[in-house]
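Peer 1: Input file: entry.cif. Contents: mmCIF, C-alpha atoms.
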data_model
#
loop_
_atom_site.label_atom_id
_atom_site.label_comp_id
_atom_site.auth_asym_id
_atom_site.auth_seq_id
_atom_site.Cartn_x
_atom_site.Cartn_y
_atom_site.Cartn_z
CA MET A 1 30.09 -197.50 32.85
CA PHE A 2 31.54 -194.18 33.97
CA ASN A 3 32.99 -193.60 30.49
CA ARG A 4 29.57 -194.20 28.92
CA LEU A 5 27.95 -191.87 31.46
CA GLU A 6 30.57 -189.22 30.75
CA LYS A 7 29.92 -189.50 27.00
CA CYS A 8 26.16 -189.21 27.55
CA ILE A 9 26.62 -186.09 29.66
CA THR A 10 28.86 -184.59 26.97
CA VAL A 11 26.25 -185.28 24.29
CA ILE A 12 23.50 -183.74 26.43
CA ILE A 13 25.57 -180.62 27.11
CA PHE A 14 26.44 -180.27 23.42
CA ALA A 15 22.80 -180.69 22.40
CA THR A 16 21.73 -178.10 24.97
CA LEU A 17 24.31 -175.61 23.74
CA LEU A 18 23.32 -176.26 20.14
CA SER A 19 19.67 -175.70 20.99
CA SER A 20 20.50 -172.44 22.76
CA PHE A 21 22.77 -171.29 19.97
CA SER A 22 20.35 -171.97 17.13
CA GLU A 23 16.76 -171.60 18.27
CA ALA A 24 15.20 -171.81 14.81
CA GLN A 25 16.55 -172.16 11.32
CA PHE A 26 15.73 -171.56 7.70
CA LEU A 27 18.01 -173.29 5.19
CA ASP A 28 17.85 -173.35 1.41
CA GLU A 29 20.62 -175.42 -0.16
CA PHE A 30 19.39 -174.71 -3.69
CA ASP A 31 19.47 -178.40 -4.57
CA LYS A 32 15.92 -178.83 -5.90
CA ASN A 33 14.63 -178.73 -9.45
CA LYS A 34 13.66 -175.08 -9.25
CA ILE A 35 13.93 -172.02 -7.02
CA ASP A 36 11.20 -172.12 -4.38
CA GLY A 37 9.89 -169.28 -2.22
CA TRP A 38 12.20 -166.51 -3.42
CA PHE A 39 11.27 -163.48 -5.46
CA PHE A 40 13.65 -161.05 -7.12
CA PHE A 41 13.59 -157.57 -8.61
CA THR A 42 15.71 -154.55 -9.54
CA GLY A 43 15.48 -150.80 -9.07
CA ASP A 44 17.07 -147.37 -9.54
CA GLY A 45 17.94 -147.95 -13.17
CA ASN A 46 17.46 -150.27 -16.12
CA ALA A 47 19.26 -153.40 -14.98
CA GLU A 48 17.53 -156.75 -15.50
CA MET A 49 18.08 -159.97 -13.57
CA ASP A 50 17.15 -163.61 -13.34
CA PHE A 51 17.47 -166.09 -10.47
CA VAL A 52 17.70 -169.71 -11.56
CA GLN A 53 18.46 -173.16 -10.24
CA THR A 54 21.59 -174.79 -11.65
CA ASP A 55 23.46 -177.98 -10.78
CA GLY A 56 23.56 -177.87 -6.97
CA PHE A 57 23.50 -174.09 -6.53
CA ALA A 58 21.51 -171.01 -7.51
CA ARG A 59 22.71 -168.40 -9.96
CA ILE A 60 21.89 -164.71 -10.24
CA PHE A 61 22.21 -163.25 -13.73
CA ILE A 62 22.51 -159.46 -13.93
CA ASP A 63 22.22 -157.65 -17.26
CA ALA A 64 22.98 -153.94 -16.88
CA THR A 65 23.99 -153.32 -20.49
CA ASN A 66 21.02 -150.97 -20.96
CA ASP A 67 21.61 -149.11 -17.71
CA LYS A 68 23.06 -145.60 -17.88
CA TYR A 69 24.11 -144.40 -14.45
CA ASN A 70 25.28 -147.52 -12.56
CA VAL A 71 23.31 -146.80 -9.40
CA TYR A 72 20.98 -149.78 -9.81
CA TRP A 73 20.33 -152.50 -7.30
CA THR A 74 19.38 -156.15 -7.78
CA LEU A 75 18.15 -158.43 -5.02
CA ILE A 76 16.59 -161.72 -4.07
CA LYS A 77 14.16 -161.73 -1.16
CA ARG A 78 12.27 -164.29 0.92
CA ASP A 79 9.71 -164.37 3.70
CA ILE A 80 11.12 -166.64 6.44
CA THR A 81 8.58 -165.85 9.17
CA GLU A 82 7.22 -169.40 9.40
CA PHE A 83 10.64 -170.71 10.38
CA LEU A 84 11.12 -168.30 13.30
CA ASP A 85 9.84 -168.02 16.86
CA LEU A 86 9.54 -164.23 16.92
CA SER A 87 8.83 -164.20 20.65
CA LYS A 88 12.54 -164.90 21.15
CA PHE A 89 13.33 -161.34 20.10
CA LYS A 90 11.68 -160.04 23.28
CA ASP A 91 14.91 -161.18 24.95
CA ALA A 92 17.80 -158.86 24.03
CA ALA A 93 20.14 -161.86 24.01
CA TYR A 94 18.63 -163.10 20.73
CA GLU A 95 19.28 -161.78 17.24
CA LEU A 96 18.76 -162.98 13.69
CA ARG A 97 21.79 -164.28 11.83
CA VAL A 98 21.96 -164.87 8.07
CA GLU A 99 24.66 -166.77 6.23
CA ALA A 100 25.41 -167.68 2.62
CA ARG A 101 28.12 -169.35 0.58
CA VAL A 102 28.86 -167.06 -2.34
CA ARG A 103 30.94 -166.99 -5.51
CA VAL A 104 31.31 -164.03 -7.86
CA HIS A 105 32.55 -163.98 -11.44
CA GLU A 106 34.02 -160.44 -11.34
CA ALA A 107 36.25 -159.29 -8.52
CA PRO A 108 36.77 -157.48 -6.34
CA ARG A 109 33.06 -156.89 -5.75
CA ARG A 110 30.79 -156.20 -2.81
CA VAL A 111 27.51 -157.95 -2.06
CA ASN A 112 25.20 -157.33 0.85
CA PHE A 113 22.65 -158.79 3.20
CA MET A 114 19.57 -156.82 4.21
CA ILE A 115 17.04 -157.90 6.83
CA ASN A 116 13.72 -156.17 7.41
CA THR A 117 10.05 -156.51 8.29
CA GLN A 118 6.85 -155.00 6.93
CA ARG A 119 7.34 -152.17 9.48
CA THR A 120 10.91 -151.29 8.52
CA THR A 121 11.55 -147.66 7.54
CA ASP A 122 15.33 -147.51 8.01
CA PHE A 123 16.50 -150.07 5.47
CA HIS A 124 20.17 -149.36 6.23
CA LYS A 125 20.00 -150.41 9.89
CA ASP A 126 20.34 -154.13 9.23
CA LEU A 127 22.36 -153.91 6.03
CA MET A 128 25.90 -155.26 5.79
CA GLU A 129 28.20 -155.34 2.79
CA PHE A 130 30.92 -157.92 2.17
CA ASP A 131 34.03 -157.60 0.05
CA ILE A 132 34.59 -160.62 -2.20
CA PRO A 133 38.22 -160.47 -3.41
CA ASP A 134 38.39 -163.23 -6.04
CA THR A 135 36.47 -165.28 -8.58
CA ASN A 136 37.97 -168.73 -8.03
CA GLU A 137 36.77 -169.46 -4.48
CA TRP A 138 33.48 -169.88 -2.64
CA HIS A 139 33.20 -167.51 0.33
CA ILE A 140 31.04 -167.96 3.43
CA ILE A 141 29.61 -164.66 4.65
CA SER A 142 27.33 -164.04 7.61
CA TYR A 143 25.75 -161.15 9.47
CA THR A 144 24.03 -160.86 12.85
CA THR A 145 21.47 -158.12 13.47
CA HIS A 146 21.71 -155.54 16.25
CA ASN A 147 18.55 -154.95 18.29
CA PHE A 148 16.41 -156.50 15.58
CA ASP A 149 12.92 -155.02 15.72
CA ALA A 150 10.62 -157.97 15.07
CA LEU A 151 7.63 -159.03 17.15
CA PRO A 152 5.06 -161.82 16.95
CA GLY A 153 2.74 -160.96 14.08
CA ASP A 154 5.46 -159.33 11.97
CA THR A 155 6.68 -160.63 8.63
CA VAL A 156 10.46 -161.10 8.44
CA TYR A 157 12.26 -160.84 5.12
CA VAL A 158 15.86 -161.70 4.27
CA GLN A 159 17.63 -160.36 1.20
CA PHE A 160 20.81 -160.80 -0.77
CA CYS A 161 21.81 -157.94 -3.03
CA ALA A 162 24.31 -156.89 -5.68
CA THR A 163 24.37 -153.16 -6.45
CA ASP A 164 26.26 -150.76 -8.74
CA TRP A 165 28.30 -153.56 -10.33
CA GLY A 166 28.87 -151.78 -13.62
CA ILE A 167 27.37 -151.43 -17.08
CA GLY A 168 27.64 -155.01 -18.28
CA LYS A 169 26.59 -158.61 -17.60
CA TYR A 170 27.46 -160.27 -14.29
CA ILE A 171 26.94 -163.53 -12.40
CA VAL A 172 26.67 -164.33 -8.69
CA ASP A 173 26.36 -167.90 -7.39
CA LEU A 174 24.76 -168.99 -4.09
CA ASP A 175 25.48 -172.45 -2.71
CA TYR A 176 23.14 -172.02 0.27
CA TYR A 177 21.34 -169.36 2.30
CA LYS A 178 20.35 -169.83 5.90
CA ALA A 179 18.84 -167.77 8.69
CA GLU A 180 18.64 -168.59 12.36
CA ILE A 181 17.89 -166.99 15.69
CA VAL A 182 21.04 -167.03 17.79
CA ASN A 183 21.98 -166.27 21.35
CA ILE A 184 24.62 -163.58 20.86
CA LYS A 185 26.24 -164.43 24.19
CA ILE A 186 27.51 -167.72 22.78
CA ALA A 187 27.14 -167.33 19.00
CA GLU A 188 30.22 -167.46 16.81
CA SER A 189 31.57 -164.35 15.12
CA ASP A 190 30.27 -163.31 11.74
CA LYS A 191 32.20 -164.62 8.74
CA GLY A 192 33.64 -162.91 5.71
CA VAL A 193 35.10 -159.46 5.10
CA LEU A 194 32.39 -157.29 6.63
CA THR A 195 32.30 -153.80 5.10
CA PRO A 196 29.86 -151.52 6.96
CA TYR A 197 27.68 -149.38 4.72
CA HIS A 198 28.42 -145.65 5.10
CA PRO A 199 29.87 -145.82 8.63
CA PRO A 200 30.19 -142.64 10.73
CA ILE A 201 33.21 -140.46 9.91
CA PRO A 202 35.72 -140.78 12.79
CA GLU A 203 37.89 -137.99 14.12
CA ILE A 204 41.15 -137.51 12.24
CA SER A 205 42.97 -137.76 15.56
CA THR A 206 42.05 -141.46 15.75
CA PHE A 207 44.44 -142.21 12.87
CA ILE A 208 48.21 -142.59 13.16
CA ASN A 209 49.12 -142.16 9.49
CA HIS A 210 48.22 -139.01 7.56
CA TYR A 211 49.71 -139.73 4.16
CA ALA A 212 49.78 -137.17 1.37
CA VAL A 213 49.18 -138.22 -2.23
CA SER A 214 52.38 -138.82 -4.22
CA ASP A 215 50.92 -138.24 -7.70
CA ASP A 216 47.62 -136.77 -8.81
CA CYS A 217 46.23 -135.51 -12.09
CA VAL A 218 43.10 -135.38 -14.20
CA ILE A 219 42.45 -137.41 -17.33
CA ASN A 220 40.00 -136.40 -20.04
CA SER A 221 37.96 -138.88 -22.06
CA ASP A 222 37.66 -136.47 -25.00
CA PHE A 223 41.32 -135.45 -25.15
CA THR A 224 42.80 -138.85 -24.47
CA GLU A 225 46.37 -138.06 -25.58
CA VAL A 226 46.72 -134.83 -23.55
CA ASN A 227 48.37 -134.46 -20.13
CA PHE A 228 46.48 -132.06 -17.86
CA ASN A 229 48.84 -131.70 -14.92
CA ASP A 230 48.83 -127.92 -15.51
CA TRP A 231 45.05 -127.75 -14.94
CA LYS A 232 44.45 -124.65 -12.84
CA ILE A 233 41.90 -122.12 -11.72
CA LYS A 234 42.25 -118.46 -10.80
CA ASP A 235 41.19 -117.36 -7.35
CA LYS A 236 41.90 -114.34 -5.18
CA ASP A 237 45.41 -115.62 -4.39
CA GLY A 238 46.33 -116.31 -8.02
CA ASP A 239 46.54 -119.51 -10.05
CA LYS A 240 45.83 -122.71 -8.15
CA LYS A 241 46.34 -126.20 -9.51
CA VAL A 242 43.21 -128.25 -9.00
CA LEU A 243 41.65 -131.62 -9.74
CA THR A 244 38.40 -130.84 -11.55
CA VAL A 245 35.87 -133.66 -11.79
CA ASN A 246 33.07 -133.41 -14.34
CA GLY A 247 31.35 -135.41 -17.04
CA ASN A 248 34.39 -136.03 -19.22
CA GLN A 249 37.19 -135.36 -16.75
CA TRP A 250 38.20 -137.59 -13.85
CA ALA A 251 40.77 -137.28 -11.07
CA ILE A 252 43.36 -139.99 -10.43
CA LEU A 253 45.41 -140.31 -7.26
CA LYS A 254 48.14 -142.66 -6.07
CA TRP A 255 50.43 -143.08 -3.09
CA ASP A 256 53.84 -144.64 -2.57
CA PHE A 257 53.04 -147.35 -0.03
CA GLU A 258 56.39 -149.14 -0.19
CA LYS A 259 57.17 -148.58 3.49
CA PHE A 260 53.73 -149.94 4.46
CA MET A 261 53.72 -153.06 2.28
CA ASN A 262 54.31 -155.53 5.12
CA LEU A 263 51.70 -154.00 7.38
CA LYS A 264 48.08 -154.96 7.99
CA ILE A 265 45.38 -152.31 7.83
CA ASP A 266 43.54 -151.79 11.10
CA GLY A 267 40.02 -150.64 10.24
CA SER A 268 38.85 -148.44 7.40
CA GLY A 269 40.67 -145.32 6.26
CA LEU A 270 39.64 -141.83 5.19
CA LEU A 271 40.36 -139.97 1.97
CA GLU A 272 40.55 -136.22 2.58
CA LEU A 273 39.80 -133.76 -0.24
CA THR A 274 39.78 -129.96 0.07
CA THR A 275 37.30 -128.04 -2.03
CA GLN A 276 38.34 -125.15 -4.25
CA SER A 277 34.91 -124.69 -5.83
CA VAL A 278 31.77 -126.63 -6.74
CA ALA A 279 29.15 -125.92 -9.39
CA LYS A 280 26.11 -128.17 -9.62
CA GLY A 281 22.37 -128.21 -10.13
CA GLY A 282 19.53 -130.11 -11.73
CA ASN A 283 16.09 -131.25 -10.59
CA TYR A 284 16.83 -134.97 -10.62
CA VAL A 285 13.89 -135.84 -8.38
CA LYS A 286 11.42 -134.35 -10.86
CA ALA A 287 13.04 -136.27 -13.70
CA PHE A 288 13.64 -139.63 -12.00
CA GLY A 289 11.51 -139.69 -8.84
CA ASP A 290 12.58 -139.55 -5.20
CA ASP A 291 14.47 -142.83 -4.87
CA LEU A 292 16.70 -142.43 -7.92
CA GLY A 293 16.79 -138.63 -7.98
CA ILE A 294 18.57 -138.29 -4.64
CA GLU A 295 21.54 -140.29 -5.94
CA PHE A 296 22.92 -137.50 -8.13
CA GLY A 297 25.00 -134.36 -7.65
CA LYS A 298 27.75 -136.36 -5.92
CA ILE A 299 31.18 -137.82 -6.62
CA ARG A 300 32.19 -141.48 -6.72
CA VAL A 301 35.47 -143.11 -5.77
CA PHE A 302 36.69 -146.22 -7.61
CA GLU A 303 39.72 -148.49 -7.31
CA ILE A 304 42.32 -148.36 -10.08
CA ILE A 305 43.04 -152.06 -10.59
CA GLY A 306 44.97 -152.11 -13.87
CA GLY A 307 46.64 -150.03 -16.53
CA ASP A 308 49.99 -148.31 -16.03
CA ALA A 309 50.77 -148.53 -12.31
CA ASP A 310 53.89 -146.37 -12.69
CA TRP A 311 52.22 -143.30 -14.18
CA ASP A 312 53.71 -139.91 -13.42
CA GLN A 313 51.54 -136.83 -13.03
CA GLU A 314 53.70 -134.86 -15.47
CA GLU A 315 53.16 -137.40 -18.25
CA VAL A 316 49.95 -139.33 -17.61
CA THR A 317 47.12 -139.20 -20.13
CA PHE A 318 43.90 -141.11 -20.52
CA ASN A 319 45.53 -143.25 -23.20
CA ASN A 320 48.81 -144.12 -21.51
CA LEU A 321 47.08 -144.85 -18.20
CA THR A 322 44.56 -147.24 -19.72
CA GLN A 323 47.06 -148.73 -22.23
CA GLY A 324 44.35 -149.61 -24.72
CA LYS A 325 42.53 -151.88 -22.26
CA LYS A 326 38.82 -151.92 -21.57
CA LEU A 327 37.94 -149.49 -18.79
CA SER A 328 36.57 -152.42 -16.75
CA GLU A 329 40.11 -153.87 -16.72
CA VAL A 330 41.62 -150.61 -15.44
CA PHE A 331 38.96 -149.37 -13.02
CA ASN A 332 36.78 -151.48 -10.75
CA GLU A 333 33.32 -150.88 -12.19
CA GLN A 334 31.75 -150.98 -8.73
CA MET A 335 32.50 -147.77 -6.87
CA THR A 336 34.09 -147.80 -3.43
CA PHE A 337 31.96 -144.94 -2.15
CA ASP A 338 29.47 -142.29 -3.30
CA THR A 339 29.36 -139.02 -1.39
CA ASP A 340 28.13 -135.47 -1.35
CA VAL A 341 30.82 -132.81 -1.62
CA ASN A 342 31.47 -130.08 0.92
CA GLU A 343 30.73 -127.10 -1.32
CA GLU A 344 32.36 -124.46 0.89
CA PRO A 345 35.73 -123.08 -0.34
CA ASN A 346 38.45 -124.89 1.63
CA GLY A 347 35.78 -127.23 2.99
CA LYS A 348 36.76 -130.82 3.71
CA THR A 349 35.17 -133.87 2.14
CA PHE A 350 36.03 -137.06 4.03
CA ILE A 351 35.37 -140.32 2.21
CA THR A 352 35.49 -143.73 3.88
CA ILE A 353 37.91 -146.13 2.20
CA SER A 354 36.99 -149.59 3.42
CA LYS A 355 39.46 -151.87 5.16
CA PRO A 356 39.78 -154.32 2.22
CA VAL A 357 40.36 -151.49 -0.27
CA MET A 358 42.97 -149.95 2.05
CA GLN A 359 44.70 -153.32 2.32
CA ARG A 360 44.75 -153.72 -1.45
CA LEU A 361 46.29 -150.25 -1.72
CA LEU A 362 49.04 -151.13 0.76
CA ASP A 363 49.68 -154.46 -0.97
CA GLY A 364 49.86 -152.86 -4.41
CA LYS A 365 46.91 -154.83 -5.76
CA THR A 366 44.95 -151.60 -6.11
CA LYS A 367 47.09 -149.03 -7.92
CA GLY A 368 45.31 -145.88 -6.81
CA LEU A 369 41.93 -144.17 -6.68
CA LEU A 370 39.74 -142.67 -9.39
CA ILE A 371 37.19 -139.91 -8.72
CA ARG A 372 34.28 -139.51 -11.13
CA PRO A 373 31.10 -137.43 -11.03
CA LEU A 374 27.67 -138.87 -10.31
CA GLY A 375 25.36 -136.47 -12.08
CA ALA A 376 26.05 -133.04 -13.58
CA ILE A 377 28.59 -131.61 -11.16
CA ASN A 378 31.78 -129.61 -11.65
CA ALA A 379 33.85 -130.15 -8.48
CA SER A 380 37.40 -128.83 -8.11
CA PHE A 381 39.70 -129.98 -5.32
CA PHE A 382 43.15 -128.66 -4.49
CA SER A 383 45.89 -130.88 -5.93
CA SER A 384 49.25 -131.94 -4.52
CA GLU A 385 51.02 -128.72 -5.57
CA ASN A 386 49.15 -126.63 -3.00
CA GLU A 387 49.54 -125.95 0.71
CA LYS A 388 50.02 -128.98 2.92
CA SER A 389 46.65 -128.45 4.58
CA GLN A 390 44.86 -128.54 1.20
CA ILE A 391 46.36 -131.52 -0.62
CA PRO A 392 44.67 -134.93 -0.88
CA LYS A 393 45.55 -137.32 1.96
CA LEU A 394 44.76 -140.77 3.23
CA HIS A 395 44.30 -141.23 6.97
CA PHE A 396 44.67 -144.79 8.23
CA ASN A 397 45.99 -147.12 10.90
CA ALA A 398 48.21 -150.12 10.22
CA ARG A 399 50.10 -152.67 12.28
CA GLU A 400 52.48 -155.59 11.85
CA LYS A 401 50.92 -158.64 10.20
#
Now, as a test, write the supplied structure out as C-alpha cells.
Peer 2:
Amino acid sequence: MFNRLEKCITVIIFATLLSSFSEAQFLDEFDKNKIDGWFFFTGDGNAEMDFVQTDGFARIFIDATNDKYNVYWTLIKRDITEFLDLSKFKDAAYELRVEARVRVHEAPRRVNFMINTQRTTDFHKDLMEFDIPDTNEWHIISYTTHNFDALPGDTVYVQFCATDWGIGKYIVDLDYYKAEIVNIKIAESDKGVLTPYHPPIPEISTFINHYAVSDDCVINSDFTEVNFNDWKIKDKDGDKKVLTVNGNQWAILKWDFEKFMNLKIDGSGLLELTTQSVAKGGNYVKAFGDDLGIEFGKIRVFEIIGGDADWDQEEVTFNNLTQGKKLSEVFNEQMTFDTDVNEEPNGKTFITISKPVMQRLLDGKTKGLLIRPLGAINASFFSSENEKSQIPKLHFNAREK
C-alpha cells in the first residue's frame, strides 16, 4: 500500500513540475501531407526559396544562384498566438522557448531563431544564431527569450532563418518545431551551439591570449599567379606593408595554433585590425533602399576551410592557395561577421570571432581567416611586418578540455 502511495505521490509531483515547466505548447512535427500554417519569404537580395513537406520532415530549398551580394535572408514564419496563454508573461519567471531539430546539407553553417510580435521594433533582441558543424547529423537547437514583451491581445510569431549562405543552391531540413512557455527557474538549458548575433565588444583585458598572426598576405582574383607579399603604401614614415581589401583583392590570415590544439575555447574571441587608410563611398540607400543599402561599405570575415593549409606569405598566390578547387570548397560561403571599419589612421577594428569558429581554428579544422569587402571600399590594414601594436591579432581565452 505504502509503495503504491509513494508511486502516486511521485507521479503527482512529476505532473505538477511538468505543468509548471511547460505551460503551453505549439508543436509541428511536419508529418502531415502538406505544410500547414507557415508562410515563408526572402529579402535583401534575389534569393528564392520553397518550403515543402517531405517524408516525415520539412525541407527548405534556397536558390541564391541569381543573387549578387550574398546578404540575403530566407525565413519561415508562423503565428502561434492561439497556443499561448499570454497572461503568463506578466510574471517575469515565464519566457517563450523555441526548439527545432535541424539538419543542413552544407557545413559549417549558421541558422537562427527569431521571435517577435506585431509591436516589435528591435528584431535583434530575441534573435539567436546556432552553429551547425556537420551535414550527417540532426541537431536539436533551442532558445529562450529574455524579458519577452508580449501581452494579451498581441500576436506572437516564431521564425527560423538561414541568411547569407552563399551564391548557390542549399537545403535545410526540419524534423520538428515547437514553442512553449517555460518557467525559467526550473527550465532546462538551451540546446545547441548558441552563437549570439553581434554581441558587445568586450575589453581586451578580459582575454588571456593576445596572439599575433603568423602569416598574412593579399590574394588577387585578377592576377591569380602573382604573390603580393610586398604590397605597400607610402605614408609620412615611409613605406608600410599593408593588407588592402577591395573588389578584387582579399586579405588572408593564419596563426600557428599548435600549442593550443588540446585546449577548449572559452567564449568568443576578437580579431584586431589596425587601419592604415580607408577610402569608400556610394549612395547605396538611394540605389537599393534602406534595408539593403545599409549593408554596404563594410568588410566581411570568412573561414578558410580548404585549399593549401601550409601556405607561406612569401609564396602564396590566389592559385596555389585555392589549388584549382571551387571557392566554396576553400572558403566558407557564409561569412563569420560583417562589420564597419574604423576609418581613423591607426584606429582599431575589433571583430567578434564566435566560439565555434575559434575552436575550429585551434583544432586546425579552419585553416585561417579571409577578409573581403562588402560594397565598394578600399580598406588597408597594417600587416605583420609592422610595429607590434599595429599587426593583426586574435584575443581569446582557452582552458584544458
Peer 1: Since I can't run it myself right now, could you work out what the PyMOL selection byres ((chain A and resi 192) around 8) selects here and report it as a PyMOL selection string?
Peer 2: chain A and resi 130-131+139-142+190-191+193-194
Peer 1: Find the residues with any atom within 12 Å of (35.9, -163.8, -7.7); use all atoms listed in the file and the coordinates as given in the file, and write the answer as a short mmCIF file (atom, residue, chain, number, x, y, z; two decimals) with C-alpha atoms, in the coordinates of the input.
Peer 2:
data_model
loop_
_atom_site.label_atom_id
_atom_site.label_comp_id
_atom_site.auth_asym_id
_atom_site.auth_seq_id
_atom_site.Cartn_x
_atom_site.Cartn_y
_atom_site.Cartn_z
CA VAL A 102 28.86 -167.06 -2.34
CA ARG A 103 30.94 -166.99 -5.51
CA VAL A 104 31.31 -164.03 -7.86
CA HIS A 105 32.55 -163.98 -11.44
CA GLU A 106 34.02 -160.44 -11.34
CA ALA A 107 36.25 -159.29 -8.52
CA PRO A 108 36.77 -157.48 -6.34
CA ARG A 109 33.06 -156.89 -5.75
CA ARG A 110 30.79 -156.20 -2.81
CA VAL A 111 27.51 -157.95 -2.06
CA ASP A 131 34.03 -157.60 0.05
CA ILE A 132 34.59 -160.62 -2.20
CA PRO A 133 38.22 -160.47 -3.41
CA ASP A 134 38.39 -163.23 -6.04
CA THR A 135 36.47 -165.28 -8.58
CA ASN A 136 37.97 -168.73 -8.03
CA GLU A 137 36.77 -169.46 -4.48
CA TRP A 138 33.48 -169.88 -2.64
CA HIS A 139 33.20 -167.51 0.33
CA TYR A 170 27.46 -160.27 -14.29
CA ILE A 171 26.94 -163.53 -12.40
CA VAL A 172 26.67 -164.33 -8.69
CA ASP A 173 26.36 -167.90 -7.39
#
Peer 1: Determine the nearest neighbour of Val242 in chain A from the options A:Trp255, A:Val182, A:Leu86, A:Leu273, counting all atoms listed in the file.
Peer 2: A:Leu273
Peer 1: Take CA of Thr81 in chain A and CA of Thr155 in chain A and report the distance between them in Å, one decimal.
Peer 2: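 Distance between the two atoms: 5.6 Å.
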Peer 1: Using all atoms listed in the file, which residue out of A:Ile371, A:Val213, A:Met49, A:Leu253 lies closest to Val341 in chain A?
Peer 2: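 Looking at the shortest contact to Val341 in chain A, the residue is A:Ile371.
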Peer 1: Since I can't run it myself right now, could you work out what the PyMOL selection byres ((chain A and resi 29) around 10) selects here and report it as an mmCIF file with C-alpha atoms, in the coordinates of the input?
Peer 2:
data_model
loop_
_atom_site.group_PDB
_atom_site.id
_atom_site.type_symbol
_atom_site.label_atom_id
_atom_site.label_comp_id
_atom_site.auth_asym_id
_atom_site.auth_seq_id
_atom_site.Cartn_x
_atom_site.Cartn_y
_atom_site.Cartn_z
ATOM 1 C CA LEU A 27 18.010 -173.290 5.190
ATOM 2 C CA ASP A 28 17.850 -173.350 1.410
ATOM 3 C CA PHE A 30 19.390 -174.710 -3.690
ATOM 4 C CA ASP A 31 19.470 -178.400 -4.570
ATOM 5 C CA LYS A 32 15.920 -178.830 -5.900
ATOM 6 C CA GLY A 56 23.560 -177.870 -6.970
ATOM 7 C CA PHE A 57 23.500 -174.090 -6.530
ATOM 8 C CA ALA A 58 21.510 -171.010 -7.510
ATOM 9 C CA ALA A 100 25.410 -167.680 2.620
ATOM 10 C CA ARG A 101 28.120 -169.350 0.580
ATOM 11 C CA LEU A 174 24.760 -168.990 -4.090
ATOM 12 C CA ASP A 175 25.480 -172.450 -2.710
ATOM 13 C CA TYR A 176 23.140 -172.020 0.270
ATOM 14 C CA TYR A 177 21.340 -169.360 2.300
ATOM 15 C CA LYS A 178 20.350 -169.830 5.900
#
Peer 1: Grab the CA of Asp310 in chain A to CA of Ile353 in chain A distance for me, in Å with one decimal place.
Peer 2: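 CA of Asp310 in chain A sits 21.8 Å away from CA of Ile353 in chain A.
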Peer 1: For range 342-347 of chain A, take all atoms listed in the file, fit an axis-aligned box around them, add 6 Å to each of the six sides, then output centre and edge lengths in Å rounded to one decimal, as AutoDock Vina command-line options.
Peer 2:
--center_x 34.6 --center_y -126.6 --center_z 0.8 --size_x 19.7 --size_y 19.0 --size_z 16.3
Peer 1: Rounded to one decimal, what separation in Å do you get between CA of Lys240 in chain A and CA of Gly347 in chain A?
Peer 2: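 Result for CA of Lys240 in chain A versus CA of Gly347 in chain A: 15.7 Å, one decimal.
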Peer 1: Residues within 8 Å of Trp231 in chain A, please, as a ChimeraX atom specification. Count only C-alpha atoms; anything in the same chain fewer than 3 positions from it doesn't count.
Peer 2: /A:218,228,241-243
Peer 1: Between A:Asp230, A:Glu400, A:Glu387, A:Asp164, single out the one closest to Asp216 in chain A, counting all atoms listed in the file.
Peer 2: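 Comparing A:Asp230, A:Glu400, A:Glu387, A:Asp164 against Asp216 in chain A, the winner is A:Asp230.
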Peer 1: Which residue is closest to Leu327 in chain A? Choose from A:Ser221, A:Asn283, A:Gln159, A:Gln25 and count all atoms listed in the file.
Peer 2: A:Ser221
Peer 1: Mind telling me what the PyMOL selection byres ((chain A and resi 268-271) around 6) catches here, as a list of chain:residue names?
Peer 2: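 Applying the PyMOL selection byres ((chain A and resi 268-271) around 6) to the structure shown produces A:Gly267, A:Glu272, A:Phe350, A:Ile351, A:Thr352, A:Ile353, A:Ser354, A:Lys355, A:Lys393, A:Leu394, A:His395, A:Phe396.
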Peer 1: Report as a ChimeraX atom specification all protein, DNA and RNA residues lying within 8 Å of Asn116 in chain A, evaluated on all atoms listed in the file, omitting residues in the same chain fewer than 3 positions from it.
Peer 2: /A:119-120,123,126,156-158
Peer 1: I'd like the neighbourhood of range 357-361 of chain A as a PyMOL selection string, where a residue qualifies if any of its atoms comes within 8 Å (using all atoms listed in the file), though same-chain residues fewer than 3 positions away should be ignored.
Peer 2: chain A and resi 257+264-265+268-269+303+336+353-354+364-368
Peer 1: Return range 53-61 of chain A, completed with N, CA and C atoms, as a tab-separated table (two decimals), in the frame of the given file.
Peer 2:
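What follows is the written file out.tsv:
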chain	number	residue	atom	x	y	z
A	53	GLN	N	17.84	-171.97	-10.81
A	53	GLN	CA	18.46	-173.16	-10.24
A	53	GLN	C	19.42	-173.76	-11.25
A	54	THR	N	20.63	-174.08	-10.79
A	54	THR	CA	21.59	-174.79	-11.65
A	54	THR	C	21.95	-176.10	-10.95
A	55	ASP	N	23.07	-176.67	-11.30
A	55	ASP	CA	23.46	-177.98	-10.78
A	55	ASP	C	24.02	-177.85	-9.36
A	56	GLY	N	23.14	-177.88	-8.36
A	56	GLY	CA	23.56	-177.87	-6.97
A	56	GLY	C	23.72	-176.50	-6.35
A	57	PHE	N	23.45	-175.44	-7.09
A	57	PHE	CA	23.50	-174.09	-6.53
A	57	PHE	C	22.60	-173.18	-7.35
A	58	ALA	N	22.34	-171.99	-6.81
A	58	ALA	CA	21.51	-171.01	-7.51
A	58	ALA	C	22.40	-169.97	-8.16
A	59	ARG	N	21.91	-169.39	-9.23
A	59	ARG	CA	22.71	-168.40	-9.96
A	59	ARG	C	21.88	-167.15	-10.23
A	60	ILE	N	22.48	-166.00	-9.93
A	60	ILE	CA	21.89	-164.71	-10.24
A	60	ILE	C	22.55	-164.17	-11.51
A	61	PHE	N	21.73	-163.89	-12.51
A	61	PHE	CA	22.21	-163.25	-13.73
A	61	PHE	C	21.82	-161.77	-13.68
